[in-house]
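Participant: I'd like to ask you about the structure that follows.
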Amino acid sequence: MVYLNNAATSWPKPSCVNEAVQACLMDTPASQFRGGSAILKKDVEVLCREAMGELLGIAESERIFFTSGATESLNTVLCGLDYGKAGNSILVTQTEHNSVLRPLMNQSALKEHPVKIISCTAIGAVTEELLEQALEEERQDGRQAAALVVNHCSNVTGYVQDMDMISRFAKKNNLCLIVDVSQSAGCIPVYADQWKADAVIFTGHKSLMGMQGSGGFYIREGILLKPLKYGGTGRNSKQLTYEDEDYEYEVGTQNLPGITALLAGVNFVRETGVDMIHKKEMALMEKLYEALEKIPGIQVYGNSKECRGPVMSLNFKGLTASDAAYILESGYGITVRAGLHCSPLIHEAMGTQKNGTIRISISYFTKEKDIQEFLTAAEQIAGSVAGR
Amino acid sequence: MKITGKRPSREKCAESGWFATDYLMDAPIDREFILKLKSLGGFVYLDMLKQPFFKIENNYYMIKGIEGNDYFRIAVHGKHEDELAKLEAFILNCVKE
C-alpha cells in the first residue's frame with residue numbers, strides 16, 4: 001500500500017509518538033491543575049505548549065490553547081473575536097478551508113460581520129494587489145475590514161503565502177491577522193511573532209505527527225476572545241462568571257493522550273529540524289512535478305518553484321478526479337484524495353470547481369519508491385485513457 | 001457469481017450529492033459481468049490497465065469497479081434513490097445468468 005494522503009492525516013507516525021501514547025495510557029491518569037501526576041513532573045500540557053511555542057515562533061507559549069483540532073480552534077477564534085461595530089467585515093482568502101468558511105457563513109454570532117473573499121491566482125497565491133483590491137472594494141461599499149484570515153499553505157495546491165507581505169498589509173490596515181498553519185506547521189517554517197500574528201491555528205494530526213482529535217490555537221495577549229465553550233477547568237471552581245474577561249479556553253477533561261502524542265510529534269519535528277523535513281519533502285515533490293510534466297494527458301495545477309508545500313493537485317484528461325482516485329486505490333493500492341478537499345473556493349480560481357482534483361500529499365516518511373509506484377500507475381492510467 | 005453484501009461507501013467527498021454503496025461479490029468481477037452491465041448507460045472500459053476499470057453512467061446513477069476485484073460501487077444521485085432497487089434487481093439477474 002502506498003499512502004499519499006498526508007495532507008488529510010499523516011501516516012505513519014514516528015515510533016516515539018506511538019510509544020508516548022502507549023506510555024500515557026499505561027500511566028495513572030493526570031489532569032491539568034487537578035492533581036494525579038507526579039509532583040515534580042511538568043504537566044504534559046505545559047511541555048507541549050513550550051514545544052509548540054518554539055516550533056511556531058511564539059514567545060508567549062502560555063497563550064497557546066489545546067482543542068480537538070483546527071476546526072474547533074477556528075470556530076473558537078472566529079466566533080469569539082471582537083470585530084468592532086456591526087458591519088465591519090472579515091477578509092478571507094479564496095484558498096481557505098471550510099473550517100474557516102463554514103463558521104464565518106453559518107455561525108449566528110457572526111451575522112453582523114460580512115465576509116469578503118480575497119481572490120487568489122490559479123495556483124493559490126494571494127498577492128499584494130489582490131489584497132489591496134479587496135480592501136478598496138470594501139471601502140467603496142462603505143465597510144471597514146476588521147480581520148484577515150490567511151491559510152499559510154494551501155491544502156489543494158501547496159502554495160505557501162508570502163507571510164511577510166501579508167503581515168505588513170495587515171498591520172498597515174489595522175487588521176487582526178489570523179493565520180491557519182494546519183498544513184504548514186511541522187514541514188514549513190512558521191514565524192508567528194515575526195509575522196505579528198494575532199491568532200494562529202494548528203492541528204496535530206498532519207505534519208506535527210500527532211493524533212486525530214488534537215490541535216489548538218494561539219491568541220496574542222490583549223486580543224479579547226470570548227470562549228465558545230464553558231465548563232470545569234480545575235481552577236478556581238467557585239468562580240461562576242468571568243466578570244473581568246479573564247476567560248479560560250481549555251474546559252472539561254483534556255485529551256491527554258492526544259496532547260502527549262502531539263508533544264512527541266513536535267519533539268520529533270524539532271529534533272529532525274523543519275528545514276531538513278522541508279528539504280526532504282521538496283526533493284520528492286520536485287521529482288513528482290518533473291516526472292508528471294512529461295506524462296501526456298495529465299494536468300498539474302502548480303509547479304515546484306512556486307508551490308513549496310508537500311501537496312499538489314492534478315487531473316487526468318478524460319477522467320474525473322473521483323474515477324482516477326478509485327483506479328489508484330482499487331487497482332494499484334495507492335491512497336490519494338479526490339474532490340474539492342473541503343476548500344471549494346480555490347477551485348474557482350483553478351477552473352476545477354466541477355469535479356475537483358486528485359491531491360497527492362507526502363510526508364517526511366514518504367519514500368522515493370512510493371513516488372515511483374505512483375508515477376508508474378499515473379503513466380499507465382493516462383496512457384489507457386488516451387488509447388481507449 | 002453472487003452478491004454477498006453491501007456497505008455504504010466511505011468516499012463521501014468526491015461525488016457530492018451522490019450516495020454510494022460498495023457491493024461485495026463472492027468471486028472476482030470478470031469481463032463477462034462487466035459487459036452485461038454495458039446496456040445501462042454510457043460505458044467506459046479502460047482495458048489497457050493491468051486491472052481494467054469500468055464505469056457505466058447515466059443521469060440517475062453510476063456503477064464503477066475494477067476487473068479482478070471482488071467489489072464494485074454504485075452511486076445514485078440523491079434525487080433518484082428509488083433507482084437503486086431497480087438497478088440491484090438488474091444486477092442480481094445478471095449475476096444469476
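Chain labels run A, B, ... following the order of the C-alpha cells; each chain numbers its residues from 1, and ligands are numbered from 1 in the order shown.
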Find the residues around region 115-130 of chain A up to 7 Å (only C-alpha atoms counted), leave out those fewer than 3 positions away in its own chain, and share them as a PyMOL selection string.
Facilitator: chain A and resi 89-95+133-134+154+157+159+161+301-302+346+349-350
Participant: Could you list, as an NGL selection string, every residue of chain B that has an atom within 9 Å of an atom of chain A, counting only C-alpha atoms?
Facilitator: :B and (13-16 or 44-53 or 55 or 64-69)
Participant: One decimal, in Å: what's the spacing between CA of Val149 (chain A) and CA of Lys305 (chain A)?
Facilitator: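 Here the two named atoms are 24.6 Å from each other.
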Participant: Residues of chain B in strand (DSSP E or B) according to DSSP, as a PyMOL selection string?
Facilitator: chain B and resi 3-8+18-25+42-46+53-57+61-66+71-77
Participant: Taking 5 positions as the minimum chain separation for residues in the same chain, which residues sit within 7 Å of Leu225 (chain A) when counting only C-alpha atoms? Answer as a PyMOL selection string.
Facilitator: chain A and resi 77+80-82
Participant: May I have the selected residues written with C-alpha atoms, as a CSV table (one decimal), in the first residue's frame?
Facilitator:
```
chain,number,residue,atom,x,y,z
A,77,VAL,CA,-11.3,32.2,17.4
A,80,GLY,CA,-15.1,34.8,19.8
A,81,LEU,CA,-13.2,37.7,18.4
A,82,ASP,CA,-14.5,41.2,18.8
```
Participant: For a test of reading the model, state the distance in Å between CA of Leu177 (chain A) and CA of Asn151 (chain A), rounded to one decimal.
Facilitator: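 Rounded to one decimal, the two atoms are 11.0 Å apart.
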Participant: Determine which residues of region 1-72 of chain A DSSP labels as alpha helix (DSSP H) from the backbone of this structure, then write them out as a ChimeraX atom specification.
Facilitator: /A:15-26,44-56,70-72
Participant: Mind pulling up the distance from CA of Leu263 (chain A) to CA of Val311 (chain A)?
Facilitator: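 That distance, rounded to one decimal, is 24.1 Å.
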Participant: Would you kindly return, as a tab-separated table (two decimals) with N, CA, C and O atoms, in the first residue's frame, each protein, DNA or RNA residue with an atom no farther than 10 Å from any atom of region 82-91 of chain B, considering only C-alpha atoms and excluding same-chain residues fewer than 6 positions away?
Facilitator:
```
chain	number	residue	atom	x	y	z
B	2	LYS	N	-22.23	-14.28	-6.94
B	2	LYS	CA	-23.31	-13.78	-6.08
B	2	LYS	C	-22.89	-12.50	-5.37
B	2	LYS	O	-21.70	-12.30	-5.10
B	3	ILE	N	-23.87	-11.68	-5.05
B	3	ILE	CA	-23.58	-10.52	-4.20
B	3	ILE	C	-23.64	-11.01	-2.75
B	3	ILE	O	-24.65	-11.59	-2.34
B	21	THR	N	-22.66	3.12	-2.65
B	21	THR	CA	-22.66	1.85	-1.90
B	21	THR	C	-21.67	0.90	-2.57
B	21	THR	O	-21.64	0.80	-3.80
B	23	TYR	N	-20.61	-2.86	-3.27
B	23	TYR	CA	-21.19	-4.20	-3.29
B	23	TYR	C	-20.07	-5.23	-3.26
B	23	TYR	O	-19.10	-5.12	-4.01
B	33	PHE	N	-19.19	-10.21	-16.82
B	33	PHE	CA	-20.12	-9.47	-15.94
B	33	PHE	C	-20.14	-7.99	-16.33
B	33	PHE	O	-21.20	-7.37	-16.44
B	36	LYS	N	-22.13	-7.26	-19.40
B	36	LYS	CA	-23.59	-7.37	-19.21
B	36	LYS	C	-24.19	-6.06	-18.72
B	36	LYS	O	-25.37	-5.78	-18.91
B	37	LEU	N	-23.37	-5.27	-18.03
B	37	LEU	CA	-23.87	-4.01	-17.48
B	37	LEU	C	-23.86	-2.88	-18.50
B	37	LEU	O	-24.44	-1.82	-18.28
B	40	LEU	N	-26.65	-0.37	-19.56
B	40	LEU	CA	-27.30	0.52	-18.59
B	40	LEU	C	-26.99	2.00	-18.79
B	40	LEU	O	-27.64	2.86	-18.21
B	60	TYR	N	-29.05	9.09	-13.61
B	60	TYR	CA	-29.53	8.73	-12.28
B	60	TYR	C	-28.49	8.05	-11.39
B	60	TYR	O	-28.53	8.15	-10.18
B	61	TYR	N	-27.60	7.30	-12.03
B	61	TYR	CA	-26.66	6.53	-11.22
B	61	TYR	C	-25.37	6.25	-11.98
B	61	TYR	O	-25.28	6.49	-13.20
B	63	ILE	N	-22.12	3.14	-12.01
B	63	ILE	CA	-21.56	1.90	-11.48
B	63	ILE	C	-20.09	1.90	-11.86
B	63	ILE	O	-19.76	2.20	-13.01
B	74	ILE	N	-21.82	1.35	-6.58
B	74	ILE	CA	-22.95	2.00	-7.25
B	74	ILE	C	-23.20	3.31	-6.53
B	74	ILE	O	-23.31	3.35	-5.30
B	75	ALA	N	-23.27	4.39	-7.30
B	75	ALA	CA	-23.60	5.69	-6.71
B	75	ALA	C	-24.88	6.18	-7.36
B	75	ALA	O	-25.00	6.19	-8.59
B	76	VAL	N	-25.84	6.55	-6.53
B	76	VAL	CA	-27.13	7.04	-7.03
B	76	VAL	C	-27.25	8.49	-6.64
B	76	VAL	O	-26.90	8.87	-5.51
```
Participant: Report as a list in words all protein, DNA and RNA residues lying within 7 Å of Gly41 (chain B), evaluated on only C-alpha atoms, omitting residues in the same chain fewer than 4 positions from it.
Facilitator: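 Counting only C-alpha atoms, the residues come to Ile56, Glu57 and Asn58 of chain B.
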Participant: Using only C-alpha atoms for the distances, tell me which of A:Leu314, A:Met1, A:Ala170, A:Leu104 is nearest to Leu135 (chain A).
Facilitator: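 Among A:Leu314, A:Met1, A:Ala170, A:Leu104, it is A:Ala170 that comes nearest to Leu135 (chain A).
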Participant: If we count only C-alpha atoms and set the cut-off at 8 Å, which residues sit around region 5-10 of chain A, ignoring sequence neighbours fewer than 2 positions away in its own chain? Please answer as a ChimeraX atom specification.
Facilitator: /A:3,12-13,155,183,205-207,209,212,310-311,335-337,359-363
